[in-house]
Each structure stands twice: as structure tokens, then as C-alpha cells.
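Structure file input-v9.txt; described as compact mmCIF, C-alpha atoms and all ligand atoms.
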# COMPACT_ATOMS: atom_id res chain seq x y z
CA MET R 1070 17.57 10.35 -21.73
CA ILE R 1071 18.04 11.77 -18.25
CA SER R 1072 15.52 10.47 -15.75
CA LEU R 1073 13.72 12.63 -13.25
CA LYS R 1074 15.49 10.72 -10.51
CA GLN R 1075 18.87 11.75 -11.92
CA ILE R 1076 17.73 15.35 -12.19
CA LEU R 1077 16.54 15.36 -8.60
CA VAL R 1078 19.69 13.75 -7.30
CA THR R 1079 21.82 16.27 -9.21
CA ALA R 1080 19.66 19.22 -8.25
CA GLY R 1081 19.66 18.05 -4.66
CA ALA R 1082 23.43 18.01 -4.61
CA LEU R 1083 23.81 21.41 -6.26
CA PHE R 1084 20.95 23.42 -4.91
CA SER R 1085 19.81 21.53 -1.85
CA VAL R 1086 16.25 21.13 -3.10
CA ALA R 1087 13.73 21.21 -0.27
CA GLN R 1088 13.04 17.73 1.09
CA SER R 1089 9.32 18.15 0.49
CA GLN R 1090 9.97 18.58 -3.23
CA GLN R 1091 11.90 15.34 -3.55
CA PHE R 1092 10.28 12.01 -4.18
CA ILE R 1093 11.98 8.70 -3.65
CA ILE R 1094 11.45 6.16 -6.39
CA GLN R 1095 10.34 2.61 -5.72
CA ASN R 1096 10.80 0.21 -8.64
CA TRP R 1097 11.06 -3.47 -7.82
CA GLY R 1098 10.27 -6.44 -10.03
CA ASN R 1099 11.03 -10.05 -9.20
CA GLY R 1100 12.95 -10.59 -12.42
CA GLN R 1101 10.76 -13.38 -13.74
CA ASP R 1102 10.06 -13.67 -17.47
CA THR R 1103 6.41 -13.31 -16.56
CA THR R 1104 7.00 -9.92 -14.90
CA ASN R 1105 6.31 -7.56 -17.77
CA TYR R 1106 5.69 -3.99 -16.64
CA THR R 1107 6.63 -0.48 -17.71
CA TYR R 1108 7.18 2.06 -14.94
CA LYS R 1109 7.64 5.71 -15.83
CA SER R 1110 8.66 8.41 -13.39
CA LEU R 1111 7.13 11.68 -14.59
CA GLU R 1112 7.24 15.20 -13.16
CA ALA R 1113 7.29 15.65 -9.37
CA GLY R 1114 5.19 12.96 -7.68
CA ARG R 1115 3.62 11.56 -10.81
CA PHE R 1116 4.27 8.07 -12.16
CA THR R 1117 2.61 5.64 -14.55
CA VAL R 1118 2.74 1.88 -14.85
CA ASP R 1119 1.32 -0.54 -17.44
CA TRP R 1120 1.55 -4.27 -16.98
CA VAL R 1121 0.73 -7.70 -18.35
CA LEU R 1122 1.93 -10.37 -15.92
CA GLY R 1123 1.82 -14.13 -16.19
CA PRO R 1124 1.92 -16.63 -13.31
CA GLY R 1125 4.71 -15.82 -10.85
CA GLY R 1126 5.01 -12.22 -12.02
CA ASN R 1127 5.34 -9.57 -9.31
CA PHE R 1128 6.30 -5.90 -9.14
CA VAL R 1129 5.94 -3.03 -6.68
CA VAL R 1130 6.44 0.47 -8.10
CA GLY R 1131 5.71 3.95 -6.88
CA LYS R 1132 6.98 7.17 -5.39
CA GLY R 1133 7.28 8.29 -1.83
CA TYR R 1134 9.03 9.95 1.01
CA ARG R 1135 11.45 9.34 3.80
CA GLY R 1136 9.31 7.48 6.33
CA SER R 1137 8.03 8.60 9.70
CA PRO R 1138 5.08 7.62 11.90
CA ASP R 1139 3.81 11.16 11.29
CA LEU R 1140 3.86 10.95 7.50
CA VAL R 1141 0.76 12.42 5.84
CA VAL R 1142 0.44 11.59 2.14
CA ASN R 1143 -1.92 13.07 -0.41
CA TYR R 1144 -2.48 11.27 -3.67
CA THR R 1145 -4.55 11.25 -6.85
CA ALA R 1146 -4.98 7.98 -8.74
CA LYS R 1147 -6.21 6.47 -11.92
CA TYR R 1148 -5.92 2.77 -11.20
CA ASN R 1149 -7.35 0.16 -13.59
CA PRO R 1150 -6.29 -3.34 -12.53
CA GLN R 1151 -7.40 -6.83 -13.49
CA GLY R 1152 -6.30 -10.01 -11.75
CA ASN R 1153 -4.21 -9.59 -8.60
CA SER R 1154 -3.06 -6.10 -7.73
CA TYR R 1155 -2.92 -3.79 -4.72
CA PHE R 1156 -2.83 -0.01 -4.55
CA GLY R 1157 -1.93 2.04 -1.48
CA LEU R 1158 0.80 3.08 0.93
CA TYR R 1159 3.71 0.68 1.31
CA GLY R 1160 6.95 0.37 3.21
CA PHE R 1161 9.04 -1.45 5.78
CA THR R 1162 10.05 -0.96 9.36
CA SER R 1163 13.34 -2.21 10.78
CA ASN R 1164 13.87 -3.68 14.27
CA PRO R 1165 11.64 -5.52 13.89
CA PHE R 1166 11.46 -6.07 10.16
CA VAL R 1167 7.87 -5.50 9.04
CA GLU R 1168 6.40 -5.05 5.56
CA PHE R 1169 3.34 -2.83 5.74
CA TYR R 1170 0.50 -1.83 3.44
CA VAL R 1171 -2.36 0.62 3.74
CA VAL R 1172 -4.54 -0.74 0.96
CA GLU R 1173 -6.80 1.87 -0.63
CA ALA R 1174 -8.01 -0.30 -3.51
CA PHE R 1175 -7.24 -3.64 -5.11
CA ALA R 1176 -8.25 -5.73 -8.11
CA GLU R 1177 -9.80 -9.14 -7.35
CA HIS R 1178 -7.84 -10.46 -4.42
CA ASN R 1179 -8.44 -9.01 -0.95
CA PRO R 1180 -5.07 -9.19 0.84
CA SER R 1181 -6.86 -10.42 3.95
CA ASP R 1182 -7.44 -13.61 1.98
CA ASN R 1183 -3.79 -14.60 2.23
CA ALA R 1184 -3.19 -17.92 3.95
CA GLY R 1185 -2.29 -17.55 7.60
CA HIS R 1186 -3.51 -13.99 8.04
CA SER R 1187 -5.15 -13.04 11.31
CA PHE R 1188 -7.55 -10.21 12.00
CA TYR R 1189 -6.57 -7.60 14.59
CA GLY R 1190 -9.60 -5.32 14.61
CA TYR R 1191 -10.85 -2.15 13.01
CA HIS R 1192 -9.51 1.37 13.14
CA ASN R 1193 -10.64 4.64 11.64
CA SER R 1194 -8.59 6.94 9.47
CA ASP R 1195 -9.27 9.63 6.90
CA GLY R 1196 -13.01 9.18 6.74
CA ALA R 1197 -13.36 5.39 6.75
CA GLN R 1198 -12.82 2.22 8.70
CA TYR R 1199 -9.87 -0.04 7.99
CA GLU R 1200 -9.42 -3.71 8.86
CA LEU R 1201 -6.07 -4.67 10.31
CA TRP R 1202 -4.63 -8.01 9.24
CA SER R 1203 -1.26 -9.51 10.01
CA LYS R 1204 0.79 -12.53 9.15
CA TYR R 1205 4.06 -13.67 10.69
CA ASN R 1206 5.90 -16.58 9.16
CA GLY R 1207 8.71 -16.61 11.72
CA ASN R 1208 10.81 -14.35 9.53
CA LEU R 1209 8.77 -11.56 7.98
CA ARG R 1210 5.82 -9.80 9.55
CA GLN R 1211 3.26 -8.26 7.21
CA TYR R 1212 0.63 -5.74 8.25
CA PHE R 1213 -2.28 -4.93 5.95
CA ALA R 1214 -4.70 -2.11 6.77
CA VAL R 1215 -7.49 -2.58 4.24
CA ARG R 1216 -9.87 0.32 3.71
CA ARG R 1217 -13.48 -0.87 3.85
CA THR R 1218 -14.51 1.56 1.14
CA SER R 1219 -12.08 1.60 -1.76
CA ARG R 1220 -11.02 4.92 -3.18
CA ARG R 1221 -8.61 6.40 -5.69
CA GLY R 1222 -7.63 9.67 -4.16
CA GLY R 1223 -7.34 11.40 -0.81
CA THR R 1224 -5.07 11.70 2.19
CA ILE R 1225 -3.47 8.93 4.24
CA THR R 1226 -2.59 9.84 7.82
CA PHE R 1227 -0.07 7.12 8.52
CA ARG R 1228 -0.01 7.81 12.26
CA ASN R 1229 -3.50 6.30 12.62
CA HIS R 1230 -2.33 3.01 11.14
CA TYR R 1231 0.90 3.00 13.11
CA ASN R 1232 -1.07 3.56 16.32
CA ALA R 1233 -3.47 0.76 15.38
CA TRP R 1234 -0.57 -1.71 15.16
CA LYS R 1235 0.52 -0.66 18.64
CA ALA R 1236 -3.00 -0.87 20.04
CA ALA R 1237 -3.31 -4.38 18.60
CA GLY R 1238 -0.09 -5.44 20.28
CA LEU R 1239 1.77 -5.77 16.97
CA PRO R 1240 5.40 -4.63 17.13
CA ALA R 1241 6.48 -1.64 15.03
CA GLY R 1242 10.04 -0.65 14.36
CA THR R 1243 11.71 2.33 12.73
CA VAL R 1244 9.72 3.39 9.67
CA GLY R 1245 11.77 3.35 6.47
CA ASN R 1246 11.01 4.97 3.12
CA THR R 1247 7.27 4.92 2.51
CA PHE R 1248 5.65 4.98 -0.92
CA ILE R 1249 2.36 5.19 -2.72
CA VAL R 1250 2.59 2.05 -4.83
CA VAL R 1251 0.95 -0.19 -7.34
CA GLU R 1252 1.71 -3.86 -6.84
CA GLY R 1253 0.97 -6.27 -9.64
CA GLN R 1254 0.84 -10.03 -9.65
CA GLN R 1255 -0.71 -12.24 -12.32
CA GLY R 1256 -3.02 -10.03 -14.36
CA ARG R 1257 -2.87 -6.77 -16.24
CA GLY R 1258 -3.66 -3.12 -15.85
CA ASN R 1259 -2.53 0.45 -15.94
CA ALA R 1260 -2.25 3.30 -13.48
CA ASP R 1261 -1.43 7.00 -13.48
CA ILE R 1262 -0.71 8.24 -9.96
CA THR R 1263 0.30 11.61 -8.54
CA VAL R 1264 1.77 11.57 -5.06
CA GLY R 1265 1.57 14.79 -3.06
CA VAL R 1266 -1.67 16.08 -4.58
CA ARG R 1267 -5.19 15.14 -3.60
CA PRO R 1268 -8.12 15.46 -5.99
CA THR R 1269 -10.34 18.49 -5.66
CA GLY R 1270 -13.99 17.89 -4.88
CA THR R 1271 -15.67 14.74 -3.71
CA ILE R 1272 -13.72 11.51 -3.81
CA ALA R 1273 -15.88 8.53 -4.82
CA GLU R 1274 -15.75 5.48 -2.57
CA THR R 1275 -17.18 2.01 -3.17
CA PRO R 1276 -17.63 -0.84 -0.68
CA THR R 1277 -14.55 -3.04 -0.63
CA PRO R 1278 -15.26 -6.67 -1.58
CA THR R 1279 -14.72 -8.84 1.49
CA THR R 1280 -15.02 -12.30 -0.01
CA ARG R 1281 -12.54 -14.46 1.84
CA SER R 1282 -11.67 -18.12 1.62
CA VAL R 1283 -8.43 -18.93 3.37
CA VAL R 1284 -7.89 -16.36 6.12
CA CYS R 1285 -7.16 -17.27 9.71
CA GLU R 1286 -6.51 -20.95 9.51
CA THR R 1287 -7.83 -21.51 12.98
CA PRO R 1288 -10.42 -24.04 14.14
CA THR R 1289 -12.93 -21.24 14.64
CA GLN R 1290 -12.73 -19.78 11.15
CA THR R 1291 -15.97 -19.32 9.26
CA ILE R 1292 -15.45 -18.96 5.54
CA GLY R 1293 -16.41 -15.54 4.30
CA THR R 1294 -16.38 -13.87 7.71
CA VAL R 1295 -13.76 -11.98 9.62
CA CYS R 1296 -12.18 -14.38 12.10
CA ARG R 1297 -10.56 -13.61 15.41
CA PRO R 1298 -7.12 -14.95 16.15
CA ARG R 1299 -6.83 -16.68 19.49
CA ASN R 1300 -3.87 -14.57 20.59
CA ALA R 1301 -5.03 -11.16 19.43
CA LYS R 1302 -4.89 -8.60 22.20
CA ARG R 1303 -7.57 -6.47 20.67
CA THR R 1304 -10.39 -7.34 18.35
CA GLU R 1305 -12.95 -4.68 19.15
CA ALA R 1306 -13.50 -1.69 16.94
CA TYR R 1307 -11.86 1.39 18.40
CA MET R 1308 -11.51 5.01 17.50
CA VAL R 1309 -8.27 6.80 16.77
C1 LIG S 1401 4.08 -6.43 -21.93
O1 LIG S 1401 3.15 -5.48 -21.45
C2 LIG S 1401 2.75 -4.51 -22.40
C3 LIG S 1401 1.82 -3.54 -21.69
O2 LIG S 1401 2.40 -3.04 -20.52
C4 LIG S 1401 2.07 -5.18 -23.57
O3 LIG S 1401 1.75 -4.22 -24.53
C5 LIG S 1401 2.99 -6.24 -24.16
O4 LIG S 1401 2.28 -6.95 -25.14
C6 LIG S 1401 3.45 -7.19 -23.08
N1 LIG S 1401 4.40 -8.13 -23.61
C7 LIG S 1401 4.27 -9.44 -23.38
C8 LIG S 1401 5.37 -10.30 -23.95
O5 LIG S 1401 3.39 -9.93 -22.71
C1 LIG S 1402 -2.73 17.59 1.44
O1 LIG S 1402 -3.75 18.28 0.77
C2 LIG S 1402 -4.40 19.24 1.59
C3 LIG S 1402 -5.57 19.77 0.78
O2 LIG S 1402 -5.16 20.19 -0.49
C4 LIG S 1402 -3.37 20.31 1.99
O3 LIG S 1402 -3.99 21.25 2.83
C5 LIG S 1402 -2.23 19.66 2.74
O4 LIG S 1402 -1.22 20.62 3.01
C6 LIG S 1402 -1.63 18.53 1.90
N1 LIG S 1402 -0.63 17.84 2.72
C7 LIG S 1402 0.44 17.28 2.18
C8 LIG S 1402 1.36 16.62 3.16
O5 LIG S 1402 0.68 17.26 1.00

What is this structure when it is put down as C-alpha cells?
Amino acid sequence: MISLKQILVTAGALFSVAQSQQFIIQNWGNGQDTTNYTYKSLEAGRFTVDWVLGPGGNFVVGKGYRGSPDLVVNYTAKYNPQGNSYFGLYGFTSNPFVEFYVVEAFAEHNPSDNAGHSFYGYHNSDGAQYELWSKYNGNLRQYFAVRRTSRRGGTITFRNHYNAWKAAGLPAGTVGNTFIVVEGQQGRGNADITVGVRPTGTIAETPTPTTRSVVCETPTQTIGTVCRPRNAKRTEAYMV
């Protein structure tokens, strides 16, 4: 069976399909026996994924575009996760090497609850406030913008998040391919996502759970609250 990716690559070579019509596929699994997922690339920006993952399982799948700070991404999502899973915009920058997420919804685990994460303030984008969290282990930097009301459809104006990193004093390099993704860790679920199309009508939003236990391992941390890293340049809410 010929995959959509093959068709697009072939069509691109023969007919020079407009860049806006092409989607880049993201399909990574960590190869563990416990990483059991089925990713399907469907027409245009649509993809589905079903998963049942045991301990140590991890995948990141989706569809996206060539990256740019000015990327604007519409999406429509059915996203039904249990356990640990994130949904949102995902990619890397180079020089420096940064893994970034704009988290629109998640299952049980708030990514801000990762050990060693520090809070860098709030920023506004696309009708809501996001929290900016970062972790640097001496090798890889990770930036998580976590929407404070979860949603499953809308528009992500990446520039607002990119500018928030800069305003917080966090380095940002050249933006690489950027995807709407589902990440799965231990747990199960299913999703049916269409990149490039936003839902019509009102998009429901629900308050994002903010239960936290291990964030900001600093002497001043209060469990369950947003902590302030000692070296953060900016911790006040600001408008973009
Ligand atoms: C793998 O996941 C599928 C659903 O995506 C499920 O139906 C199947 O039972 C799982 N297999 C194992 C070995 O867990
Ligand atoms: C996003 O959706 C809006 C509303 O349908 C549309 O006006 C806009 O052109 C879309 N943008 C992209 C980049 O798809």
C-alpha cells in the first residue's frame, strides 16, 4: 500500500505541490516492547493514533510544517488519553538545541510536574494564558508552554510562545520542523487529529489541572503552587 507520505513526496517531485499543501510526518517511538501504538497518516493534515503502552513506553507522532517563528497552525482534535500523554505543538530548535512544546491538553500528568522544571512566567496567546516552564540538564533544554484552559481545537500562533522564551531570557535557536503531536507514555488512548483546519463554532475549554508535586526543586518551593526560580529574569505576567 502506498502511504500518503510517498504520494506527497512523489507529487512534490513531479508537480511541485504548493508548500502549504504538504505536511511533514512525525513518527517516533522509543523501540521498547512496551511501546505499542498504531499511527496512521490519512488525507492531507489528518492522522490517527491508538495506543496501549506499558512502563517505559514512549512515542511522539503527528503532522506538521517546516518551522518558523511565524508559524500559525490551525488544528481540530479528538484526543482521548489515559495515563501520561501530551497533546500540542512540538519541535526543536538548533543552536542552541531546544525541545519545545505548546501543550494544549494532556492526560493526568502536567508537564510542569517534571523534576527540575522552573517557572518562567505567564504569557497570553490565542485567547488564553499559558505558563512557561523550562528545564536544562546541561545537555538538552526543554520549554513547555502549558495552556491554562485545555482545548482540543483552535489556532496556535507560535510567535507568541517564541517571544515569551526571549522575554524570559531563555535562548532560542533556529526553529526546525514543527508538528501538532500526540505523545504517549505509560497509559492508553486514541486520537484523531486534523492539522491545518480549525473547528467551526465555539471551541470548548476546561481549566487545566495544576496539581504539582515535584516542580522547581528549590528551597522555596511550595508543593502545589507555582514556584519562582531564583535565576529567572522574568516572573511577572505580561502581555504579548
Ligand atoms: C496494542 O495496542 C492496541 C490498540 O492500539 C491493542 O488493541 C492491543 O491489544 C495492544 N497490544 C498489546 C500487546 O498490548
Ligand atoms: C486558520 O483558520 C482561519 C479560520 O478558518 C483561517 O482564516 C486561516 O487562514 C487559517 N490559517 C492557517 C495557517 O491555516

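Every protein, DNA or RNA residue with an atom at most 6 Å from stretch 1167-1173 of chain R, where all atoms listed in the file count and chain neighbours fewer than 2 positions away do not, is listed here: Phe1156, Gly1157, Leu1158, Tyr1159, Gly1160, Phe1161, Thr1162, Arg1210, Gln1211, Tyr1212, Phe1213, Ala1214, Val1215, Arg1216, Ser1219 and Arg1220 of chain R.
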
Students should find that atom CA of R:Thr1277 and atom CA of R:Thr1218 are spaced 4.9 Å

Residues within 6 Å of ligand LIG 1402 (chain S) should be enumerated using all atoms listed in the file and returned as a VMD selection string. chain R and resid 1141 to 1143 1265 1267

query: To one decimal place, how far is atom CA of R:Tyr1106 from atom CA of R:Pro1150 in Å?
result: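 Separating atom CA of R:Tyr1106 from atom CA of R:Pro1150 is a distance of 12.7 Å.
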
*Give the answer as one residue: which of R:Asp1261, R:Asp1102, R:Asp1182, R:Asp1139 has the shortest atom-to-atom distance to ligand LIG 1401 (chain S), using all atoms listed in the file?*
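So, comparing all the options, the nearest one is R:Asp1102.
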
**Report entry** Among the residues R:Gln1095, R:Asn1259, R:Asn1164, R:Thr1271, the one that comes closest to ligand LIG 1401 (chain S) [using only C-alpha atoms and all ligand atoms]
**Finding:**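 The closest residue to ligand LIG 1401 (chain S) is R:Asn1259.
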
Per residue of chain R within 10 Å of ligand LIG 1401 (chain S), note the shortest atom pair and the distance in Å to one decimal, counting all atoms listed in the file, and order the rows by chain and increasing residue number, as CSV.
residue,atom,partner,partner_atom,distance
R:Asp1102,CA,S:LIG1401,C8,8.7
R:Thr1103,CA,S:LIG1401,O5,7.6
R:Thr1104,CA,S:LIG1401,C1,8.4
R:Asn1105,CA,S:LIG1401,C1,4.9
R:Tyr1106,CA,S:LIG1401,O2,5.2
R:Thr1107,CA,S:LIG1401,O2,5.7
R:Tyr1108,CA,S:LIG1401,O2,8.9
R:Val1118,CA,S:LIG1401,O2,7.5
R:Asp1119,CA,S:LIG1401,O2,4.1
R:Trp1120,CA,S:LIG1401,O2,3.8
R:Val1121,CA,S:LIG1401,O1,4.5
R:Leu1122,CA,S:LIG1401,O5,7.0
R:Gly1123,CA,S:LIG1401,O5,7.9
R:Arg1257,CA,S:LIG1401,O2,7.7
R:Gly1258,CA,S:LIG1401,O2,7.7
R:Asn1259,CA,S:LIG1401,O2,7.6

| said: From the options R:Lys1147, R:Pro1138, R:Glu1200, R:Pro1268, which residue's atoms come nearest to R:Asn1232, counting only C-alpha atoms? | reply: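 Going through R:Lys1147, R:Pro1138, R:Glu1200, R:Pro1268 one by one, the smallest distance to R:Asn1232 is for R:Pro1138.
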
Distance of atom CA of R:Glu1112 from atom CA of R:Gln1091, expressed in Å to one decimal place: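 Pair atom CA of R:Gln1091 / atom CA of R:Glu1112 returns 10.7 Å.
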
For this session: In the coordinate frame of the file, compute which residues have an atom within 8 Å of (-3.6, 10.1, 4.4) when using only C-alpha atoms, and state them as number ranges by chain.
Result: R: 1141-1143, 1194-1195, 1223-1227

Min atom-atom distance to R:Trp1097 from the set R:Gly1125, R:Gly1131, R:Gly1114, R:Gly1207, counting all atoms listed in the file, belongs to R:Gly1131

Counting all atoms listed in the file, the residue among R:Asn1206, R:Ala1273, R:Tyr1144, R:Ser1137 that lies closest to R:Thr1243 is R:Ser1137
